[in-house]
Amino acid sequence: MAKQRDALSPMAALRRVVTGPAAWTAGLLAGLALLTGCVESDGTPPGGYAAPQTVAPAAPPPAATGRERPHTVLVLGDSLSAAYNMAPEQGWVALLDARLATEGLPYRMVNASVSGETTAGGAARIDDALAQHRPALVVIGLGANDGLRGLPLSDTRRHLLRMVEAARRAEARVLIVGMRLPPNYGPEYTADFFALFGEIADEQEVAHLPFLLEPIALDDGAFQPDRLHPTAEAQPRIAQHVWPALRPLLSGP
């Protein structure tokens, strides 16, 4: 399991630590299990994780806010961040964009998440994304598809480190968002997978949210019929969960 973390760096105060393993709902486990042992010849699992599709950036704030938002929060995620099977404005990224505008913070969310993305895809795309958007903060929400495919954790680590290092070279702050796997992947792999995100956050002294779906994981009704992707109605709960990890990384009133 994840090693215990102490407050050795200023970033430690920004990390939310899970106090115990969060159980998955039976429905979600079933949906995830469908993807194991059921992989296409090109390595792409069927079902909810379709061929990658770029998601449009979050809509700009209403003109009525009267405030400029010159700084960018860039989100690099997979379908869990890409508002899968719903309008983009319903996803948690867009909901946080609206909250930033409402609270008068000079930031806007840009959602560069891609359904089906792995950490390898994110590592390949990050330089162009950084050059295009020049973010002040990068939220890395990738790794779920690596785990679902049972990819070597050494590869996942290398790709996550590549993204963190690229963001830091671009003078952007970083928030790593972690994920859990169901137990049918084996206790060693699932434990090491979950621990990986926090270990990288510790090593690189960046912020860490351990489990994106923590507030809804036990609620079977919070997932779409595929029992894998959260519903539109669940998105505010995810946004509320991400906000305490995101807010300390933003300057402003």
# chains A, B, ... in the order shown; residues from 1 in each chain; ligands from 1
call {"tool": "closest_atom_pairs", "arguments": {"of": "stretch 58-112 of chain A", "to": "stretch 151-163 of chain A", "cutoff": "12 Å", "atoms": "only C-alpha atoms", "output": "CSV"}}
result
residue,atom,partner,partner_atom,distance
A:Val75,CA,A:Met163,CA,11.8
A:Leu76,CA,A:Met163,CA,9.6
A:Gly77,CA,A:Leu160,CA,11.8
call {"tool": "residues_around", "arguments": {"residues": "A:Pro236", "least_positions_apart": "2", "cutoff": "9 Å", "atoms": "only C-alpha atoms", "output": "list in words"}}
result
Gln90, Gly91, Trp92, Leu95, Leu96, Ala232, Glu233, Ala234, Ile238, Ala239, Gln240 and His241 of chain A
call {"tool": "write_last_selection", "arguments": {"atoms": "all heavy atoms", "output": "compact mmCIF listing (two decimals), in the first residue's frame"}}
result
# COMPACT_ATOMS: atom_id res chain seq x y z
N GLN A 90 -21.53 19.94 -18.52
CA GLN A 90 -22.01 19.18 -17.37
C GLN A 90 -20.89 18.50 -16.60
O GLN A 90 -21.11 18.04 -15.48
CB GLN A 90 -23.03 18.13 -17.81
CG GLN A 90 -24.32 18.68 -18.36
CD GLN A 90 -25.27 17.59 -18.82
OE1 GLN A 90 -24.97 16.82 -19.74
NE2 GLN A 90 -26.42 17.48 -18.16
N GLY A 91 -19.71 18.40 -17.19
CA GLY A 91 -18.61 17.68 -16.56
C GLY A 91 -18.01 18.45 -15.40
O GLY A 91 -18.16 19.67 -15.28
N TRP A 92 -17.26 17.74 -14.57
CA TRP A 92 -16.70 18.37 -13.37
C TRP A 92 -15.69 19.46 -13.71
O TRP A 92 -15.57 20.44 -12.96
CB TRP A 92 -16.09 17.33 -12.44
CG TRP A 92 -14.87 16.59 -12.92
CD1 TRP A 92 -14.81 15.38 -13.53
CD2 TRP A 92 -13.51 17.03 -12.81
NE1 TRP A 92 -13.51 15.04 -13.82
CE2 TRP A 92 -12.69 16.01 -13.37
CE3 TRP A 92 -12.90 18.16 -12.27
CZ2 TRP A 92 -11.30 16.11 -13.43
CZ3 TRP A 92 -11.51 18.27 -12.33
CH2 TRP A 92 -10.72 17.26 -12.90
N LEU A 95 -17.69 22.52 -14.50
CA LEU A 95 -18.31 23.02 -13.26
C LEU A 95 -17.29 23.79 -12.42
O LEU A 95 -17.63 24.82 -11.81
CB LEU A 95 -18.89 21.86 -12.46
CG LEU A 95 -20.08 21.13 -13.11
CD1 LEU A 95 -20.50 19.94 -12.24
CD2 LEU A 95 -21.25 22.07 -13.35
N LEU A 96 -16.06 23.33 -12.39
CA LEU A 96 -15.03 24.07 -11.66
C LEU A 96 -14.68 25.37 -12.39
O LEU A 96 -14.37 26.38 -11.76
CB LEU A 96 -13.79 23.21 -11.48
CG LEU A 96 -13.91 22.09 -10.45
CD1 LEU A 96 -12.59 21.32 -10.33
CD2 LEU A 96 -14.31 22.64 -9.08
N ALA A 232 -24.08 12.58 -15.28
CA ALA A 232 -24.05 14.04 -15.21
C ALA A 232 -24.44 14.52 -13.81
O ALA A 232 -23.88 15.50 -13.30
CB ALA A 232 -24.99 14.64 -16.26
N GLU A 233 -25.39 13.82 -13.20
CA GLU A 233 -25.85 14.21 -11.87
C GLU A 233 -24.76 14.04 -10.81
O GLU A 233 -24.80 14.72 -9.76
CB GLU A 233 -27.08 13.38 -11.48
CG GLU A 233 -28.34 13.68 -12.28
CD GLU A 233 -28.29 13.10 -13.70
OE1 GLU A 233 -27.46 12.19 -13.96
OE2 GLU A 233 -29.10 13.56 -14.54
N ALA A 234 -23.78 13.16 -11.06
CA ALA A 234 -22.70 12.94 -10.10
C ALA A 234 -21.56 13.94 -10.25
O ALA A 234 -20.71 14.05 -9.36
CB ALA A 234 -22.15 11.52 -10.26
N ILE A 238 -18.14 15.27 -7.76
CA ILE A 238 -16.72 15.14 -8.12
C ILE A 238 -16.04 16.50 -8.09
O ILE A 238 -14.93 16.65 -7.56
CB ILE A 238 -16.58 14.48 -9.50
CG1 ILE A 238 -17.20 13.08 -9.50
CG2 ILE A 238 -15.10 14.40 -9.90
CD1 ILE A 238 -17.24 12.42 -10.86
N ALA A 239 -16.71 17.51 -8.64
CA ALA A 239 -16.15 18.86 -8.63
C ALA A 239 -15.90 19.34 -7.20
O ALA A 239 -14.86 19.94 -6.90
CB ALA A 239 -17.08 19.82 -9.37
N GLN A 240 -16.86 19.08 -6.33
CA GLN A 240 -16.72 19.49 -4.94
C GLN A 240 -15.56 18.77 -4.26
O GLN A 240 -14.87 19.34 -3.40
CB GLN A 240 -18.03 19.19 -4.18
CG GLN A 240 -18.04 19.63 -2.73
CD GLN A 240 -18.01 21.14 -2.57
OE1 GLN A 240 -18.44 21.87 -3.47
NE2 GLN A 240 -17.49 21.61 -1.45
N HIS A 241 -15.31 17.55 -4.68
CA HIS A 241 -14.20 16.76 -4.14
C HIS A 241 -12.85 17.28 -4.62
O HIS A 241 -11.87 17.31 -3.85
CB HIS A 241 -14.40 15.30 -4.56
CG HIS A 241 -13.31 14.37 -4.15
ND1 HIS A 241 -12.90 14.20 -2.85
CD2 HIS A 241 -12.52 13.54 -4.90
CE1 HIS A 241 -11.93 13.31 -2.80
NE2 HIS A 241 -11.67 12.90 -4.02
call {"tool": "residues_around", "arguments": {"residues": "stretch 189-199 of chain A", "least_positions_apart": "5", "cutoff": "7 Å", "atoms": "only C-alpha atoms", "output": "list in words"}}
result
Met1, Ala2, Leu153, Ile176, Gly178, Met179, Arg180, Leu181, Pro183, His208 and Pro210 of chain A
call {"tool": "closest_residue", "arguments": {"among": "A:Val174, A:Thr119, A:Asp202, A:Leu148", "to": "A:Pro248", "atoms": "only C-alpha atoms"}}
result
A:Val174
call {"tool": "atom_distance", "arguments": {"atom1": "atom CA of A:Val139", "atom2": "atom CA of A:Leu175"}}
result
4.8 Å
call {"tool": "select_by_dssp", "arguments": {"residues": "stretch 87-177 of chain A", "states": "strand (DSSP E or B)", "output": "ChimeraX atom specification"}}
result
/A:107-111,114,137-141,173-177
call {"tool": "write_last_selection", "arguments": {"atoms": "N, CA, C and O atoms", "output": "PDB file, in the first residue's frame"}}
result
ATOM      1  N   TYR A 107      -8.589  32.637 -13.217  1.00  0.00           N
ATOM      2  CA  TYR A 107      -8.214  31.385 -13.863  1.00  0.00           C
ATOM      3  C   TYR A 107      -9.373  30.868 -14.697  1.00  0.00           C
ATOM      4  O   TYR A 107     -10.539  31.083 -14.368  1.00  0.00           O
ATOM      5  N   ARG A 108      -9.028  30.133 -15.771  1.00  0.00           N
ATOM      6  CA  ARG A 108     -10.023  29.436 -16.567  1.00  0.00           C
ATOM      7  C   ARG A 108      -9.551  28.001 -16.746  1.00  0.00           C
ATOM      8  O   ARG A 108      -8.352  27.717 -16.817  1.00  0.00           O
ATOM      9  N   MET A 109     -10.491  27.078 -16.777  1.00  0.00           N
ATOM     10  CA  MET A 109     -10.171  25.670 -16.987  1.00  0.00           C
ATOM     11  C   MET A 109     -10.151  25.371 -18.486  1.00  0.00           C
ATOM     12  O   MET A 109     -11.065  25.779 -19.213  1.00  0.00           O
ATOM     13  N   VAL A 110      -9.146  24.682 -18.943  1.00  0.00           N
ATOM     14  CA  VAL A 110      -9.092  24.170 -20.309  1.00  0.00           C
ATOM     15  C   VAL A 110      -9.038  22.653 -20.223  1.00  0.00           C
ATOM     16  O   VAL A 110      -8.107  22.082 -19.637  1.00  0.00           O
ATOM     17  N   ASN A 111     -10.039  21.994 -20.764  1.00  0.00           N
ATOM     18  CA  ASN A 111     -10.143  20.544 -20.667  1.00  0.00           C
ATOM     19  C   ASN A 111      -9.545  19.896 -21.906  1.00  0.00           C
ATOM     20  O   ASN A 111     -10.163  19.853 -22.968  1.00  0.00           O
ATOM     21  N   VAL A 114      -8.970  13.307 -23.077  1.00  0.00           N
ATOM     22  CA  VAL A 114      -9.282  12.491 -24.242  1.00  0.00           C
ATOM     23  C   VAL A 114      -9.767  11.122 -23.771  1.00  0.00           C
ATOM     24  O   VAL A 114      -9.076  10.438 -23.014  1.00  0.00           O
ATOM     25  N   LEU A 137      -1.239  26.045 -14.031  1.00  0.00           N
ATOM     26  CA  LEU A 137      -1.425  24.809 -13.272  1.00  0.00           C
ATOM     27  C   LEU A 137      -1.834  23.700 -14.233  1.00  0.00           C
ATOM     28  O   LEU A 137      -2.667  23.916 -15.117  1.00  0.00           O
ATOM     29  N   VAL A 138      -1.244  22.523 -14.056  1.00  0.00           N
ATOM     30  CA  VAL A 138      -1.596  21.355 -14.848  1.00  0.00           C
ATOM     31  C   VAL A 138      -2.170  20.293 -13.918  1.00  0.00           C
ATOM     32  O   VAL A 138      -1.528  19.909 -12.929  1.00  0.00           O
ATOM     33  N   VAL A 139      -3.372  19.834 -14.221  1.00  0.00           N
ATOM     34  CA  VAL A 139      -4.011  18.750 -13.484  1.00  0.00           C
ATOM     35  C   VAL A 139      -3.843  17.474 -14.306  1.00  0.00           C
ATOM     36  O   VAL A 139      -4.353  17.385 -15.432  1.00  0.00           O
ATOM     37  N   ILE A 140      -3.124  16.501 -13.770  1.00  0.00           N
ATOM     38  CA  ILE A 140      -2.859  15.249 -14.472  1.00  0.00           C
ATOM     39  C   ILE A 140      -3.793  14.180 -13.912  1.00  0.00           C
ATOM     40  O   ILE A 140      -3.623  13.730 -12.774  1.00  0.00           O
ATOM     41  N   GLY A 141      -4.774  13.798 -14.708  1.00  0.00           N
ATOM     42  CA  GLY A 141      -5.754  12.800 -14.291  1.00  0.00           C
ATOM     43  C   GLY A 141      -5.706  11.565 -15.160  1.00  0.00           C
ATOM     44  O   GLY A 141      -6.750  11.056 -15.577  1.00  0.00           O
ATOM     45  N   ARG A 173       2.450  24.837 -11.923  1.00  0.00           N
ATOM     46  CA  ARG A 173       2.220  23.979 -10.775  1.00  0.00           C
ATOM     47  C   ARG A 173       1.510  22.714 -11.235  1.00  0.00           C
ATOM     48  O   ARG A 173       0.935  22.684 -12.315  1.00  0.00           O
ATOM     49  N   VAL A 174       1.528  21.680 -10.400  1.00  0.00           N
ATOM     50  CA  VAL A 174       1.006  20.374 -10.815  1.00  0.00           C
ATOM     51  C   VAL A 174       0.121  19.796  -9.711  1.00  0.00           C
ATOM     52  O   VAL A 174       0.464  19.866  -8.525  1.00  0.00           O
ATOM     53  N   LEU A 175      -1.006  19.234 -10.125  1.00  0.00           N
ATOM     54  CA  LEU A 175      -1.857  18.433  -9.257  1.00  0.00           C
ATOM     55  C   LEU A 175      -2.022  17.067  -9.907  1.00  0.00           C
ATOM     56  O   LEU A 175      -2.524  16.962 -11.035  1.00  0.00           O
ATOM     57  N   ILE A 176      -1.589  16.004  -9.219  1.00  0.00           N
ATOM     58  CA  ILE A 176      -1.759  14.644  -9.702  1.00  0.00           C
ATOM     59  C   ILE A 176      -3.031  14.063  -9.088  1.00  0.00           C
ATOM     60  O   ILE A 176      -3.198  14.075  -7.866  1.00  0.00           O
ATOM     61  N   VAL A 177      -3.917  13.563  -9.938  1.00  0.00           N
ATOM     62  CA  VAL A 177      -5.173  12.962  -9.484  1.00  0.00           C
ATOM     63  C   VAL A 177      -5.077  11.452  -9.671  1.00  0.00           C
ATOM     64  O   VAL A 177      -4.894  10.970 -10.792  1.00  0.00           O
TER      65      VAL A 177
END
call {"tool": "select_by_dssp", "arguments": {"residues": "stretch 120-223 of chain A", "states": "helix (DSSP H, G or I)", "output": "MDAnalysis selection string"}}
result
chainID A and resid 120:133 144:148 153:169 183:185 187:204 220:222
call {"tool": "closest_residue", "arguments": {"among": "A:Asp97, A:Asp78, A:Asp146, A:Glu188", "to": "A:Ser113", "atoms": "only C-alpha atoms"}}
result
A:Asp78
call {"tool": "decode", "arguments": {"residues": "stretch 233-246 of chain A", "atoms": "N, CA, C and O atoms", "output": "mmCIF file, in the first residue's frame"}}
result
data_model
loop_
_atom_site.group_PDB
_atom_site.id
_atom_site.type_symbol
_atom_site.label_atom_id
_atom_site.label_comp_id
_atom_site.auth_asym_id
_atom_site.auth_seq_id
_atom_site.Cartn_x
_atom_site.Cartn_y
_atom_site.Cartn_z
ATOM 1 N N GLU A 233 -25.391 13.816 -13.198
ATOM 2 C CA GLU A 233 -25.849 14.212 -11.868
ATOM 3 C C GLU A 233 -24.761 14.043 -10.807
ATOM 4 O O GLU A 233 -24.797 14.718 -9.763
ATOM 5 N N ALA A 234 -23.785 13.164 -11.062
ATOM 6 C CA ALA A 234 -22.701 12.938 -10.102
ATOM 7 C C ALA A 234 -21.564 13.938 -10.250
ATOM 8 O O ALA A 234 -20.713 14.047 -9.356
ATOM 9 N N GLN A 235 -21.537 14.672 -11.341
ATOM 10 C CA GLN A 235 -20.407 15.559 -11.608
ATOM 11 C C GLN A 235 -20.221 16.649 -10.550
ATOM 12 O O GLN A 235 -19.079 16.966 -10.192
ATOM 13 N N PRO A 236 -21.289 17.258 -10.015
ATOM 14 C CA PRO A 236 -21.064 18.259 -8.960
ATOM 15 C C PRO A 236 -20.359 17.689 -7.737
ATOM 16 O O PRO A 236 -19.563 18.384 -7.091
ATOM 17 N N ARG A 237 -20.625 16.431 -7.411
ATOM 18 C CA ARG A 237 -19.960 15.815 -6.265
ATOM 19 C C ARG A 237 -18.470 15.624 -6.528
ATOM 20 O O ARG A 237 -17.633 15.791 -5.629
ATOM 21 N N ILE A 238 -18.137 15.268 -7.764
ATOM 22 C CA ILE A 238 -16.719 15.135 -8.115
ATOM 23 C C ILE A 238 -16.041 16.500 -8.085
ATOM 24 O O ILE A 238 -14.929 16.648 -7.558
ATOM 25 N N ALA A 239 -16.710 17.507 -8.638
ATOM 26 C CA ALA A 239 -16.148 18.856 -8.630
ATOM 27 C C ALA A 239 -15.904 19.340 -7.204
ATOM 28 O O ALA A 239 -14.861 19.943 -6.900
ATOM 29 N N GLN A 240 -16.865 19.084 -6.326
ATOM 30 C CA GLN A 240 -16.724 19.488 -4.935
ATOM 31 C C GLN A 240 -15.556 18.774 -4.264
ATOM 32 O O GLN A 240 -14.870 19.336 -3.399
ATOM 33 N N HIS A 241 -15.310 17.547 -4.675
ATOM 34 C CA HIS A 241 -14.200 16.757 -4.136
ATOM 35 C C HIS A 241 -12.849 17.280 -4.620
ATOM 36 O O HIS A 241 -11.873 17.310 -3.852
ATOM 37 N N VAL A 242 -12.781 17.701 -5.871
ATOM 38 C CA VAL A 242 -11.518 18.188 -6.435
ATOM 39 C C VAL A 242 -11.175 19.581 -5.914
ATOM 40 O O VAL A 242 -9.990 19.915 -5.733
ATOM 41 N N TRP A 243 -12.184 20.394 -5.650
ATOM 42 C CA TRP A 243 -11.965 21.800 -5.317
ATOM 43 C C TRP A 243 -10.980 22.022 -4.166
ATOM 44 O O TRP A 243 -10.071 22.866 -4.297
ATOM 45 N N PRO A 244 -11.076 21.328 -3.022
ATOM 46 C CA PRO A 244 -10.127 21.595 -1.934
ATOM 47 C C PRO A 244 -8.674 21.299 -2.284
ATOM 48 O O PRO A 244 -7.765 21.868 -1.683
ATOM 49 N N ALA A 245 -8.434 20.406 -3.239
ATOM 50 C CA ALA A 245 -7.069 20.147 -3.684
ATOM 51 C C ALA A 245 -6.608 21.192 -4.690
ATOM 52 O O ALA A 245 -5.424 21.519 -4.769
ATOM 53 N N LEU A 246 -7.558 21.728 -5.466
ATOM 54 C CA LEU A 246 -7.238 22.696 -6.510
ATOM 55 C C LEU A 246 -7.043 24.102 -5.954
ATOM 56 O O LEU A 246 -6.092 24.812 -6.329
#
